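Peer 1: What follows is a structure written as structure tokens; I'll ask about it next.
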Amino acid sequence: MDFNDIIRPENKVYSRPRLLTDNITHYCPGCSHGVVHRIIAELLDEMGLEDRTIGIAPVGCAVFAYNYIDVDWIEAAHGRAPALATAASRLNPECLVFTYQGDGDLAAIGTAETIHACNRGENIVIIFINNAIYGMTGGQMAPTTLLGMKTATTPYGRRVDLNGHPLAISPLLAQLDGTCYVTRQSVHTPGAVRKAKAAIKKAFNNALEKRGTSVVEIVSTCNSGWKMTPADSNKWMAEHMFEKYPLGDLKNV
């Protein structure tokens with residue numbers, strides 16, 4: 001085969017997304033955040049949304065997301081991303097506005113903002129990274145931590161009598177009238193990455209069409225917090241996390 005045939009655009013398998021910056025990321029090797037960043041950057045470029053996108057980055061592992069995806073960003077206080085996204089969307093109705101939040105941010109300190117933004121049906125996209133742990137601050141228990149799961153603050157495993165039940169917040173959000181699309185995806189295999197990309201694209205289109213709030217939960221790994229290798233983290237996630245947080249659409253109207 002001629003070399004020119006190999007490098008033709010139709011034969012391209014992968015290229016670096018144009019909107020990803022050259023900054024070295026602070027994420028741990030094997031972290032799911034980098035894959036989701038790549039998907040978002042790829043979609044914004046493919047959909048021609050580079051100049052009319054506003055991302056909201058709150059506190060947590062994703063606090064520096066603005067360093068990696070070359071669009072306009074606003075930094076939110078811990079848990080307040082949906083409230084800030086509400087203002088950004090209402091003031092800039094021509095823009096795509098999305099939040100990028102971890103489980104501690106969205107489902108703990110930010111529970112009220114999340115629920116009320118979704119209940120109002122704000123034309124925003126909430127991208128929710130659920131790795132069942134506080135990754136940035138030392139591996140403490142999160143609202144989504146599984147029963148029996150060991151963390152820095154549950155060294156013998158999460159217990160119902162002491163710590164309560166894990167919070168599956170996406171089904172709660174799916175019951176609200178203001179949400180038009182709620183889905184759970186993952187990025188642990190190439191097939192899962194393709195499904196996650198399709199889900200985020202649908203969510204972006206929903207926001208552009210002013211259909212209400214879309215929530216895309218990405219069930220993710222935190223191999224550093226879980227004290228596992230990246231490969232073992234993916235296996236553990238598939239064997240344990242998916243039972244509590246099954247993948248698929250929870251609402252699609």
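Residues are referred to by chain and number: the chain letter is A, B, ... according to the order shown in the structure tokens, the number counts from 1 in that chain, and ligands are numbered separately from 1 in the order shown.
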Leaving out Pro29 in chain A and any residue of its chain fewer than 5 positions from it, which residues lie within 9 Å of it when counting only C-alpha atoms, given as a list in words?
Peer 2: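 Here the answer would be Asn223, Ser224 and Pro230 of chain A.
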Peer 1: With the cut-off set at 12 Å and counting only C-alpha atoms, tabulate each residue of range 90-161 of chain A with an atom at most that distance from an atom of range 187-204 of chain A, showing the nearest atom pair and its distance in Å to one decimal, ordered by chain and increasing number, as a tab-separated table.
Peer 2:
```
residue	atom	partner	partner_atom	distance
A:Cys95	CA	A:Phe204	CA	10.5
A:Leu96	CA	A:Phe204	CA	7.1
A:Val97	CA	A:Phe204	CA	8.6
A:Phe98	CA	A:Phe204	CA	8.2
A:Thr99	CA	A:Phe204	CA	11.4
A:Tyr100	CA	A:Ile200	CA	11.7
A:Asn123	CA	A:Phe204	CA	9.6
A:Ile124	CA	A:Phe204	CA	8.1
A:Val125	CA	A:Ala203	CA	6.2
A:Ile126	CA	A:Ala203	CA	8.7
A:Ile127	CA	A:Ile200	CA	8.1
A:Phe128	CA	A:Ile200	CA	11.0
A:Ile129	CA	A:Val187	CA	10.7
A:Asn130	CA	A:Val187	CA	11.6
A:Asn131	CA	A:Val187	CA	11.8
```
Peer 1: Deliver the residues from the most recent selection as a file, using C-alpha atoms, as a short mmCIF file (atom, residue, chain, number, x, y, z; two decimals), in the first residue's frame.
Peer 2:
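Contents of out38.cif, as written:
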```cif
data_model
loop_
_atom_site.label_atom_id
_atom_site.label_comp_id
_atom_site.auth_asym_id
_atom_site.auth_seq_id
_atom_site.Cartn_x
_atom_site.Cartn_y
_atom_site.Cartn_z
CA CYS A 95 -24.35 30.04 24.00
CA LEU A 96 -23.97 26.41 25.00
CA VAL A 97 -23.43 26.36 28.77
CA PHE A 98 -22.26 23.22 30.56
CA THR A 99 -20.99 22.33 34.01
CA TYR A 100 -18.31 19.76 34.71
CA ASN A 123 -31.09 25.13 29.27
CA ILE A 124 -27.75 23.79 30.44
CA VAL A 125 -25.82 20.53 30.37
CA ILE A 126 -24.53 18.99 33.60
CA ILE A 127 -21.65 16.56 33.11
CA PHE A 128 -21.33 14.53 36.31
CA ILE A 129 -18.17 12.52 37.00
CA ASN A 130 -19.05 9.82 39.56
CA ASN A 131 -16.02 7.98 40.93
#
```
Peer 1: For Asp72 in chain A, list every protein, DNA or RNA residue within 9 Å, evaluated using only C-alpha atoms, and leave out those in the same chain fewer than 5 positions away; present the list as number ranges by chain.
Peer 2: A: 50-56, 66
Peer 1: Which residues, written as an MDAnalysis selection string, have at least one atom at most 12 Å from Ile109 in chain A, with only C-alpha atoms counted and residues fewer than 4 positions away on the same chain left out?
Peer 2: chainID A and resid 58:60 77:82 101:105 113:115 142:143
Peer 1: Expressed in Å to a single decimal, how great is the separation between CA of Gly110 in chain A and CA of Ile169 in chain A?
Peer 2: 11.6 Å
Peer 1: With only C-alpha atoms as the atoms that count, which of A:Tyr14, A:Trp226, A:Tyr245, A:Tyr181 lies nearest to Ala152 in chain A?
Peer 2: A:Trp226
Peer 1: Mind pulling up the distance from CA of Ile218 in chain A to CA of Leu19 in chain A?
Peer 2: 21.0 Å
